[in-house]
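**Q** One file is attached below, entry36.txt, containing compact mmCIF, C-alpha atoms.
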# COMPACT_ATOMS: atom_id res chain seq x y z
CA MET A 1 -9.56 17.73 -6.51
CA PHE A 2 -7.59 19.50 -3.77
CA GLY A 3 -4.97 16.75 -3.84
CA ARG A 4 -4.51 17.20 -7.59
CA VAL A 5 -4.03 20.94 -7.14
CA GLN A 6 -1.38 20.29 -4.47
CA GLU A 7 0.39 17.77 -6.70
CA TRP A 8 0.39 20.22 -9.62
CA SER A 9 1.71 22.98 -7.33
CA ARG A 10 4.64 20.79 -6.24
CA HIS A 11 5.71 20.23 -9.85
CA HIS A 12 5.18 23.86 -10.99
CA GLU A 13 6.20 25.86 -7.92
CA LYS A 14 7.12 29.17 -9.59
CA LEU A 15 4.04 29.17 -11.78
CA ALA A 16 1.85 28.39 -8.76
CA ASN A 17 3.54 31.20 -6.81
CA ALA A 18 2.91 33.60 -9.69
CA LEU A 19 -0.77 32.66 -9.75
CA TRP A 20 -0.89 33.11 -5.96
CA ALA A 21 0.53 36.66 -6.26
CA SER A 22 -1.37 37.65 -9.41
CA PRO A 23 -4.44 39.15 -7.61
CA LEU A 24 -2.15 41.39 -5.56
CA ALA A 25 -0.21 42.37 -8.70
CA LEU A 26 -3.44 43.30 -10.49
CA PHE A 27 -4.58 45.34 -7.49
CA CYS A 28 -1.22 47.19 -7.44
CA LEU A 29 -1.48 47.91 -11.17
CA LEU A 30 -4.94 49.42 -10.80
CA SER A 31 -3.79 51.42 -7.75
CA ALA A 32 -0.86 52.85 -9.73
CA PHE A 33 -3.22 54.69 -12.04
CA ALA A 34 -5.48 55.72 -9.17
CA VAL A 35 -2.64 57.50 -7.29
CA ARG A 36 -0.99 58.96 -10.39
CA GLY A 37 -0.17 62.59 -9.82
CA ALA A 38 -0.39 62.46 -6.02
CA GLY A 39 2.69 64.01 -4.48
CA THR A 40 2.40 63.15 -0.83
CA SER A 41 0.30 60.99 1.43
CA ASP A 42 0.10 60.04 5.10
CA GLY A 43 3.28 58.18 5.93
CA GLY A 44 5.52 59.73 3.26
CA ALA A 45 5.85 60.78 -0.36
CA VAL A 46 4.21 58.99 -3.28
CA PRO A 47 6.55 58.26 -6.23
CA GLY A 48 5.61 58.87 -9.82
CA LEU A 49 4.05 56.23 -12.03
CA GLY A 50 7.37 54.72 -13.10
CA GLY A 51 8.76 54.65 -9.58
CA TYR A 52 5.48 53.30 -8.27
CA LEU A 53 5.45 50.40 -10.75
CA GLY A 54 9.14 49.69 -10.21
CA LEU A 55 8.86 49.59 -6.43
CA SER A 56 5.75 47.43 -6.67
CA ALA A 57 7.63 45.01 -8.90
CA LEU A 58 10.53 44.84 -6.41
CA LEU A 59 8.08 44.02 -3.61
CA LEU A 60 6.16 41.40 -5.59
CA LEU A 61 8.98 39.57 -7.40
CA PRO A 62 10.29 37.76 -4.27
CA LEU A 63 6.87 36.06 -4.00
CA LEU A 64 7.85 33.94 -7.01
CA TRP A 65 10.23 32.17 -4.60
CA ARG A 66 7.55 31.64 -1.99
CA HIS A 67 8.61 27.95 -1.84
CA ARG A 68 11.72 29.36 -0.09
CA PRO A 69 9.71 31.32 2.46
CA VAL A 70 12.50 32.73 4.66
CA ALA A 71 14.44 34.13 1.70
CA SER A 72 11.27 35.49 0.11
CA PHE A 73 10.18 37.20 3.33
CA ALA A 74 13.67 38.64 3.91
CA ALA A 75 13.75 40.12 0.39
CA VAL A 76 10.33 41.74 0.75
CA ALA A 77 11.24 43.08 4.22
CA LEU A 78 14.53 44.58 2.93
CA VAL A 79 12.77 46.34 0.04
CA SER A 80 10.17 47.67 2.47
CA PHE A 81 12.93 48.87 4.78
CA GLY A 82 14.60 50.71 1.89
CA GLN A 83 11.22 52.22 1.02
CA TRP A 84 10.91 53.49 4.61
CA LEU A 85 14.44 54.93 4.56
CA ALA A 86 13.58 56.78 1.35
CA GLY A 87 10.58 58.36 3.06
CA LEU A 88 8.07 56.80 0.65
CA ALA A 89 4.48 56.16 1.73
CA PRO A 90 3.13 52.59 2.09
CA MET A 91 1.47 51.21 -1.04
CA PRO A 92 -0.69 48.14 -1.84
CA ALA A 93 2.41 46.18 -2.88
CA ASN A 94 3.56 46.26 0.75
CA LEU A 95 0.89 43.62 1.39
CA ALA A 96 3.52 41.25 -0.05
CA VAL A 97 5.00 41.29 3.46
CA LEU A 98 1.84 39.60 4.76
CA VAL A 99 1.83 37.04 1.93
CA ALA A 100 5.45 36.16 2.70
CA LEU A 101 4.67 36.11 6.44
CA TYR A 102 1.91 33.55 5.86
CA ALA A 103 4.33 31.38 3.85
CA VAL A 104 6.94 31.45 6.64
CA ALA A 105 4.34 30.61 9.33
CA CYS A 106 2.95 27.77 7.19
CA ARG A 107 6.17 26.13 6.01
CA CYS A 108 8.92 26.91 8.52
CA ARG A 109 9.70 26.10 12.12
CA PHE A 110 8.10 28.12 14.86
CA ARG A 111 11.19 30.18 15.64
CA TRP A 112 11.34 31.43 12.04
CA ALA A 113 7.60 32.13 12.06
CA LEU A 114 7.89 34.08 15.33
CA ALA A 115 10.84 36.09 14.00
CA ALA A 116 8.92 36.97 10.83
CA CYS A 117 5.91 38.08 12.89
CA LEU A 118 8.10 40.35 15.04
CA VAL A 119 9.69 41.87 11.92
CA ALA A 120 6.22 42.60 10.49
CA GLU A 121 5.18 44.22 13.78
CA LEU A 122 8.35 46.30 13.76
CA GLY A 123 7.49 47.43 10.24
CA ILE A 124 4.06 48.62 11.41
CA ALA A 125 5.70 50.60 14.24
CA MET A 126 8.19 52.19 11.80
CA VAL A 127 5.37 53.23 9.47
CA MET A 128 3.53 54.79 12.41
CA ILE A 129 6.60 56.93 13.17
CA ASN A 130 6.27 58.65 9.77
CA TRP A 131 2.52 59.00 10.09
CA ASP A 132 1.21 62.58 10.41
CA ASP A 133 -1.24 61.67 13.15
CA PRO A 134 -0.31 58.23 14.54
CA SER A 135 -2.77 56.58 16.89
CA LEU A 136 -2.49 53.61 19.20
CA GLY A 137 -5.79 52.27 17.91
CA LEU A 138 -4.50 52.12 14.32
CA PHE A 139 -1.36 50.33 15.49
CA PHE A 140 -3.36 47.72 17.42
CA SER A 141 -5.85 47.16 14.60
CA SER A 142 -2.97 46.67 12.15
CA SER A 143 -1.25 44.35 14.60
CA ILE A 144 -4.39 42.26 15.00
CA PHE A 145 -4.54 41.89 11.21
CA VAL A 146 -0.90 40.78 11.07
CA VAL A 147 -1.25 38.34 13.99
CA THR A 148 -4.42 36.87 12.43
CA ILE A 149 -2.56 36.11 9.21
CA TRP A 150 0.35 34.69 11.21
CA LEU A 151 -1.93 32.40 13.25
CA THR A 152 -3.73 31.28 10.09
CA GLY A 153 -0.38 30.31 8.59
CA LEU A 154 0.57 28.38 11.73
CA TYR A 155 -2.74 26.50 11.63
CA ALA A 156 -2.39 25.73 7.92
CA GLY A 157 1.16 24.46 8.47
CA THR A 158 0.11 22.27 11.38
CA ARG A 159 -2.76 20.82 9.38
CA ARG A 160 -0.54 20.24 6.35
CA ARG A 161 2.03 18.39 8.42
CA TYR A 162 -0.72 16.34 10.08
CA LEU A 163 -2.17 15.32 6.72
CA GLU A 164 1.29 14.47 5.42
CA SER A 165 1.92 12.28 8.46
CA LEU A 166 -1.41 10.50 7.90
CA GLU A 167 -0.53 9.93 4.26
CA GLU A 168 2.92 8.64 5.20
CA ARG A 169 1.46 6.28 7.80
CA ALA A 170 -1.09 5.01 5.31
CA GLU A 171 1.62 4.34 2.73
CA ARG A 172 3.79 2.64 5.35
CA ALA A 173 0.85 0.48 6.49
CA GLU A 174 0.15 -0.47 2.87
CA ARG A 175 3.78 -1.43 2.31
CA GLU A 176 3.82 -3.49 5.49
CA ARG A 177 0.58 -5.23 4.49
CA ASP A 178 2.00 -6.07 1.07
CA GLN A 179 5.20 -7.31 2.68
CA ARG A 180 3.26 -9.53 5.09
CA ALA A 181 1.26 -10.91 2.19
CA ARG A 182 4.44 -11.68 0.23
CA MET A 183 5.99 -13.35 3.28
CA ALA A 184 2.85 -15.41 3.83
CA ALA A 185 2.82 -16.45 0.17
CA ALA A 186 6.51 -17.41 0.34
CA ALA A 187 5.95 -19.42 3.52
CA GLU A 188 2.98 -21.17 1.96
CA ARG A 189 4.97 -22.00 -1.16
CA ALA A 190 7.72 -23.42 1.05
CA ARG A 191 5.20 -25.59 2.90
CA ILE A 192 3.66 -26.76 -0.38
CA ALA A 193 7.09 -27.62 -1.72
CA ARG A 194 7.93 -29.63 1.40
CA GLU A 195 4.71 -31.60 1.08
CA LEU A 196 5.28 -32.22 -2.64
CA HIS A 197 8.76 -33.39 -1.79
CA ASP A 198 7.23 -36.01 0.47
CA VAL A 199 4.87 -37.06 -2.34
CA VAL A 200 7.76 -37.45 -4.77
CA ALA A 201 9.81 -39.30 -2.17
CA HIS A 202 6.93 -41.72 -1.61
CA ASN A 203 6.64 -42.36 -5.36
CA VAL A 204 10.36 -42.99 -5.64
CA SER A 205 10.28 -45.41 -2.70
CA VAL A 206 7.45 -47.29 -4.40
CA MET A 207 9.52 -47.45 -7.59
CA VAL A 208 12.48 -48.88 -5.66
CA VAL A 209 10.32 -51.60 -4.09
CA GLN A 210 8.72 -52.47 -7.44
CA ALA A 211 12.12 -52.54 -9.15
CA ASP A 212 13.43 -54.95 -6.53
CA GLY A 213 10.35 -57.15 -7.03
CA ALA A 214 10.77 -57.10 -10.79
CA GLY A 215 14.42 -58.13 -10.42
CA TYR A 216 13.48 -61.14 -8.28
CA ALA A 217 10.63 -62.17 -10.59
CA LEU A 218 12.53 -61.68 -13.85
CA ASP A 219 13.71 -65.32 -14.08
CA SER A 220 10.77 -67.07 -12.44
CA ASP A 221 7.69 -65.06 -13.52
CA VAL A 222 8.18 -62.91 -16.61
CA GLU A 223 4.56 -61.66 -16.60
CA GLN A 224 4.82 -60.47 -13.01
CA ALA A 225 8.09 -58.73 -13.82
CA ARG A 226 6.44 -57.04 -16.83
CA THR A 227 3.59 -55.81 -14.59
CA ALA A 228 6.06 -54.44 -12.05
CA VAL A 229 7.99 -52.63 -14.78
CA LYS A 230 4.76 -51.02 -16.06
CA ALA A 231 3.95 -49.91 -12.51
CA ILE A 232 7.47 -48.45 -12.21
CA SER A 233 6.92 -46.53 -15.45
CA ALA A 234 3.57 -45.10 -14.33
CA THR A 235 4.87 -44.19 -10.88
CA GLY A 236 7.98 -42.59 -12.40
CA ARG A 237 5.88 -40.45 -14.72
CA ALA A 238 3.77 -39.28 -11.80
CA ALA A 239 6.87 -38.52 -9.74
CA LEU A 240 8.41 -36.61 -12.65
CA ALA A 241 5.26 -34.49 -13.08
CA GLU A 242 5.20 -33.66 -9.38
CA MET A 243 8.90 -32.83 -9.39
CA ARG A 244 8.49 -30.43 -12.30
CA ARG A 245 5.60 -28.79 -10.50
CA LEU A 246 7.68 -28.59 -7.34
CA LEU A 247 10.50 -26.80 -9.15
CA GLY A 248 8.02 -24.31 -10.55
CA VAL A 249 6.57 -23.53 -7.14
CA LEU A 250 9.64 -22.63 -5.17
CA ARG A 251 13.14 -21.25 -5.70
CA ARG A 252 14.93 -22.17 -2.53
CA THR A 253 17.80 -20.29 -0.98
CA GLU A 254 20.98 -22.19 -0.28
CA ALA A 255 20.12 -22.59 3.39
CA GLU A 256 16.65 -23.90 2.56
CA SER A 257 18.14 -26.36 0.10
CA GLU A 258 20.57 -27.72 2.70
CA ALA A 259 17.71 -28.13 5.19
CA ALA A 260 15.62 -29.90 2.56
CA GLU A 261 18.47 -32.27 1.68
CA SER A 262 18.93 -33.13 5.35
CA ARG A 263 15.20 -33.80 5.62
CA GLU A 264 15.30 -36.00 2.49
CA GLU A 265 17.92 -38.23 4.09
CA SER A 266 16.01 -38.71 7.34
CA ALA A 267 12.32 -38.42 6.41
CA ALA A 268 10.08 -41.46 6.41
CA TYR A 269 8.36 -42.22 3.14
CA ASP A 270 4.79 -41.87 4.37
CA PRO A 271 2.44 -40.42 1.72
CA GLN A 272 0.72 -37.09 2.27
CA PRO A 273 -3.08 -37.06 2.68
CA GLY A 274 -5.31 -37.11 -0.39
CA LEU A 275 -8.98 -37.43 -1.28
CA ALA A 276 -9.18 -40.79 0.46
CA GLN A 277 -8.54 -39.05 3.78
CA LEU A 278 -11.14 -36.30 3.23
CA ALA A 279 -13.93 -38.32 4.81
CA GLU A 280 -11.91 -38.68 8.01
CA LEU A 281 -11.04 -34.97 7.97
CA VAL A 282 -14.66 -33.89 7.55
CA SER A 283 -16.03 -36.32 10.12
CA THR A 284 -13.51 -35.41 12.82
CA PHE A 285 -13.40 -31.67 12.24
CA ALA A 286 -14.71 -29.37 14.95
CA VAL A 287 -17.34 -27.97 12.56
CA PRO A 288 -20.35 -30.14 11.60
CA ALA A 289 -19.84 -30.81 7.90
CA THR A 290 -21.00 -33.09 5.08
CA LEU A 291 -18.92 -34.43 2.18
CA ARG A 292 -19.99 -35.29 -1.36
CA ILE A 293 -17.50 -36.49 -3.99
CA SER A 294 -18.57 -37.13 -7.56
CA GLY A 295 -16.54 -38.40 -10.49
CA ASP A 296 -13.39 -40.53 -10.33
CA PRO A 297 -10.92 -39.00 -7.85
CA ALA A 298 -8.59 -42.02 -7.97
CA GLY A 299 -7.11 -40.89 -11.26
CA LEU A 300 -5.83 -37.59 -9.86
CA PRO A 301 -2.08 -37.31 -9.14
CA GLU A 302 -1.15 -37.44 -5.48
CA GLY A 303 0.13 -33.86 -5.52
CA GLN A 304 -3.18 -32.55 -6.82
CA GLN A 305 -5.09 -34.65 -4.30
CA LEU A 306 -2.94 -33.08 -1.59
CA ALA A 307 -3.75 -29.61 -2.91
CA VAL A 308 -7.50 -30.33 -2.83
CA TYR A 309 -7.17 -31.78 0.68
CA ARG A 310 -5.37 -28.67 1.96
CA ILE A 311 -7.86 -26.30 0.31
CA VAL A 312 -10.76 -28.09 2.02
CA GLN A 313 -8.87 -28.13 5.31
CA GLU A 314 -8.17 -24.38 5.15
CA ALA A 315 -11.74 -23.58 4.13
CA LEU A 316 -13.13 -25.59 7.07
CA THR A 317 -10.67 -23.80 9.37
CA ASN A 318 -12.09 -20.48 8.17
CA VAL A 319 -15.60 -21.71 8.99
CA LEU A 320 -14.41 -22.63 12.48
CA LYS A 321 -12.78 -19.21 12.99
CA HIS A 322 -15.41 -16.95 11.49
CA GLY A 323 -18.65 -18.83 10.96
CA GLY A 324 -19.90 -18.63 14.52
CA PRO A 325 -20.76 -21.33 17.08
CA ASP A 326 -23.75 -22.76 15.15
CA ALA A 327 -22.24 -22.87 11.67
CA ASN A 328 -22.56 -25.98 9.49
CA ALA A 329 -20.46 -26.67 6.42
CA ALA A 330 -20.87 -28.62 3.21
CA VAL A 331 -17.94 -29.89 1.12
CA GLU A 332 -18.57 -30.78 -2.53
CA ILE A 333 -15.91 -32.13 -4.90
CA GLU A 334 -16.62 -32.78 -8.56
CA VAL A 335 -13.91 -34.53 -10.59
CA GLY A 336 -14.52 -34.16 -14.31
CA GLY A 337 -12.49 -35.00 -17.34
CA ARG A 338 -10.91 -31.57 -17.56
CA ASP A 339 -11.04 -29.99 -14.11
CA VAL A 340 -11.67 -30.50 -10.42
CA LEU A 341 -14.26 -28.32 -8.71
CA VAL A 342 -14.04 -27.83 -4.94
CA ARG A 343 -16.86 -25.97 -3.17
CA VAL A 344 -17.01 -25.39 0.60
CA THR A 345 -20.08 -23.53 1.89
CA ASP A 346 -21.38 -22.71 5.34
CA ASP A 347 -24.47 -21.13 6.88
CA GLY A 348 -22.57 -19.00 9.42
CA ARG A 349 -22.29 -15.27 9.81
CA GLY A 350 -21.10 -14.67 6.24
CA ALA A 351 -20.12 -11.08 5.51
CA ALA A 352 -20.60 -10.06 9.14
CA ALA A 353 -17.18 -11.57 9.94
CA PRO A 354 -14.37 -10.77 7.49
CA ARG A 355 -12.46 -13.86 6.38
CA THR A 356 -9.19 -12.18 5.55
CA GLY A 357 -8.39 -10.71 8.98
CA GLY A 358 -4.84 -11.11 10.13
CA GLY A 359 -4.44 -14.63 8.67
CA HIS A 360 -3.42 -15.76 5.22
CA GLY A 361 -5.75 -18.71 4.56
CA LEU A 362 -7.01 -17.41 1.22
CA ILE A 363 -3.45 -16.70 0.12
CA GLY A 364 -2.50 -20.31 0.83
CA MET A 365 -5.52 -21.67 -1.04
CA ARG A 366 -4.77 -19.51 -4.06
CA GLU A 367 -1.14 -20.57 -4.03
CA ARG A 368 -2.12 -24.25 -4.04
CA ALA A 369 -4.67 -23.79 -6.81
CA GLY A 370 -2.24 -21.64 -8.81
CA MET A 371 0.28 -24.51 -8.86
CA TYR A 372 -2.09 -26.39 -11.17
CA GLY A 373 -3.26 -23.36 -13.15
CA GLY A 374 -6.43 -23.02 -11.10
CA ALA A 375 -8.11 -20.21 -9.21
CA VAL A 376 -9.99 -19.65 -5.94
CA THR A 377 -12.91 -17.31 -5.32
CA ALA A 378 -14.39 -16.59 -1.91
CA GLY A 379 -17.15 -14.37 -0.61
CA PRO A 380 -20.47 -14.13 1.23
CA ARG A 381 -23.38 -16.17 -0.11
CA GLN A 382 -26.67 -14.61 -1.03
CA GLY A 383 -29.02 -15.26 1.85
CA GLY A 384 -26.24 -15.73 4.41
CA GLY A 385 -23.15 -17.78 4.95
CA PHE A 386 -19.85 -17.94 3.10
CA GLU A 387 -18.58 -19.85 0.08
CA VAL A 388 -15.15 -20.87 -1.16
CA VAL A 389 -14.88 -22.22 -4.71
CA ALA A 390 -11.69 -23.63 -6.22
CA ARG A 391 -11.35 -24.88 -9.79
CA LEU A 392 -8.20 -26.79 -10.78
CA PRO A 393 -7.47 -28.23 -14.24
CA VAL A 394 -6.78 -31.96 -13.98
CA ALA A 395 -3.00 -32.42 -13.89
CA ARG A 396 -1.46 -34.66 -16.52
CA GLU A 397 1.49 -36.90 -15.88
CA ALA A 398 4.77 -36.14 -17.62
CA ALA A 399 5.31 -37.90 -20.89
Please go through the file and, once you have read it, give me the structure as structure tokens.

**A**
Amino acid sequence: MFGRVQEWSRHHEKLANALWASPLALFCLLSAFAVRGAGTSDGGAVPGLGGYLGLSALLLLPLLWRHRPVASFAAVALVSFGQWLAGLAPMPANLAVLVALYAVACRCRFRWALAACLVAELGIAMVMINWDDPSLGLFFSSSIFVVTIWLTGLYAGTRRRYLESLEERAERAERERDQRARMAAAAERARIARELHDVVAHNVSVMVVQADGAGYALDSDVEQARTAVKAISATGRAALAEMRRLLGVLRRTEAESEAAESREESAAYDPQPGLAQLAELVSTFAVPATLRISGDPAGLPEGQQLAVYRIVQEALTNVLKHGGPDANAAVEIEVGGRDVLVRVTDDGRGAAAPRTGGGHGLIGMRERAGMYGGAVTAGPRQGGGFEVVARLPVAREAA
């Protein structure tokens, strides 16, 4: 609520200043009729109703520019000085000096605030000179009132600047966190693209070998050559699907492209891990884990098998980092006709240890699942432990 009021005040400064000064203006208006007809008072003469209202207006109008505190205070002080030179008695509108003093102490540097306080004190001393029976006690009591308002303005200004610094730091921390997340996502996409490149390269190398075999068998064994050509067609379709997916994952910069081309020329054509290597991963991982695979995983493209492998690997790494020393994990993979379901659960500390932390494991898993139009959910399990669930639509080879 207070923040909304501050935001509204920033966008409607003059209106907010008018509302701020309106109680004092109303008090001055009521006082004008109360003193009507009085000729003199302690401290000087009292003007007539017209002069009283006009002088009050001159003292209150600068408060509309309270967002420019030094100028506002100077204007009120000059009008008050002219009032003193004319031998006029103080009036309620002179309280505008204190309102402007508070604004200077709250919004300006200390030297301006100190100067404004000294000017207000000087004004009190000048009023006392014209007083019929000036007393030191009245001067000190008035000074205490002025200094109290001044100190309140200093405190309010210090607190306002402190809150603004906290808000700025929070916004900066949020921007840095978002930037780190984007950098992590970009790095993960680059790693995924490199791995898919290796998958495509492996498929192309298989096609080259099969094409050579078909060429040798074309004259001697037509059936064998026909089988090799069919295998080339199937492998080419798979490679084309993975290449299209690769191009959708990453837009490389020129430097990254040159590095990738250099790696293509020198890299060995070893395939990336897939579901066949999951058993070895689970059995050799530092966390005790079980593996259950249902359905027919052999029909999945190599790129999608790699994505499932990496998701399981990252989920087990999270169990190792956050699950505690006695955590056990269970890996379940269900391959259906339309989608692949990956579920990694553990019986560790669950919500007691946050899984996001300073790493970007969940970001990487979501990037890999998002390549195939899938999604990843992660969170504490009811009754303890943690669960990561990924669902990926089964990828189809390019036609």

**Q** For CA of Tyr102 (chain A) and CA of Ile149 (chain A), determine how far apart the two atoms are, in Å to one decimal place.

**A** 6.1 Å

**Q** State, in Å with one decimal place, the distance from CA of Ala289 (chain A) to CA of Asp346 (chain A).

**A**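 Distance reported for this atom pair: 8.6 Å.
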
**Q** Counting all atoms listed in the file, which of A:Gly323, A:Leu300, A:Val342, A:Val394 gets nearest to Val376 (chain A)?

**A**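 Among A:Gly323, A:Leu300, A:Val342, A:Val394, it is A:Val342 that comes nearest to Val376 (chain A).
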
**Q** From the options A:Ala307, A:Val344, A:Cys108, A:Ala214, which residue's atoms come nearest to Arg160 (chain A), counting all atoms listed in the file?

**A**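 Among the listed residues, the smallest separation from Arg160 (chain A) belongs to A:Cys108.
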
**Q** Which residue gives the smallest distance to Tyr155 (chain A) among A:Val331, A:Ile363, A:Ala113, A:Ile232, with all atoms listed in the file counted?

**A**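 For Tyr155 (chain A), the nearest of the candidates is A:Ala113.
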
**Q** So how far away is CA of Gln382 (chain A) from CA of Gly370 (chain A), in Å?

**A** 26.6 Å

**Q** Just want the 7 Å neighbourhood of region 92-98 of chain A, counted on all atoms listed in the file, with same-chain residues fewer than 3 positions away dropped. Output as a list in words.

**A** Cys28, Ser56, Leu59, Leu60, Phe73, Val76, Ala77, Ser80, Leu101, Tyr102 and Val146 of chain A

**Q** Restricting the calculation to only C-alpha atoms, which member of A:Arg109, A:Arg68, A:Arg175, A:Arg391 is positioned closest to Glu334 (chain A)?

**A** A:Arg391

**Q** Excluding Arg368 (chain A) and residues on its chain fewer than 4 positions from it, collect all residues at most 8 Å away from it, counting only C-alpha atoms, and give them as a list in words.

**A**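 Listed by chain and then number, they are Arg189, Ile192, Ala307, Ile311, Gly364 and Tyr372 of chain A.
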
**Q** What would the list of residues within 8 Å of (-15.7, -39.8, -11.7) (file frame) look like as a PyMOL selection string, if all atoms listed in the file are what count?

**A** chain A and resi 294-297+334-336

**Q** Got a sec: who's within 8 Å of region 317-322 of chain A, counting all atoms listed in the file, leaving out chain neighbours fewer than 2 positions off, as a list of chain:residue names?

**A**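 Once the adjacent positions are removed, what remains is A:Ala286, A:Val287, A:Gln313, A:Glu314, A:Ala315, A:Gly324, A:Pro325, A:Ala327, A:Ala329, A:Asp346, A:Gly348, A:Arg349, A:Ala353, A:Pro354, A:Arg355, A:Gly361.
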
**Q** Skip Gln277 (chain A) itself and residues of its chain fewer than 4 positions away, then list as number ranges by chain all residues within 10 Å of it, counting all atoms listed in the file.

**A** A: 272-273, 281-282, 305-306, 309
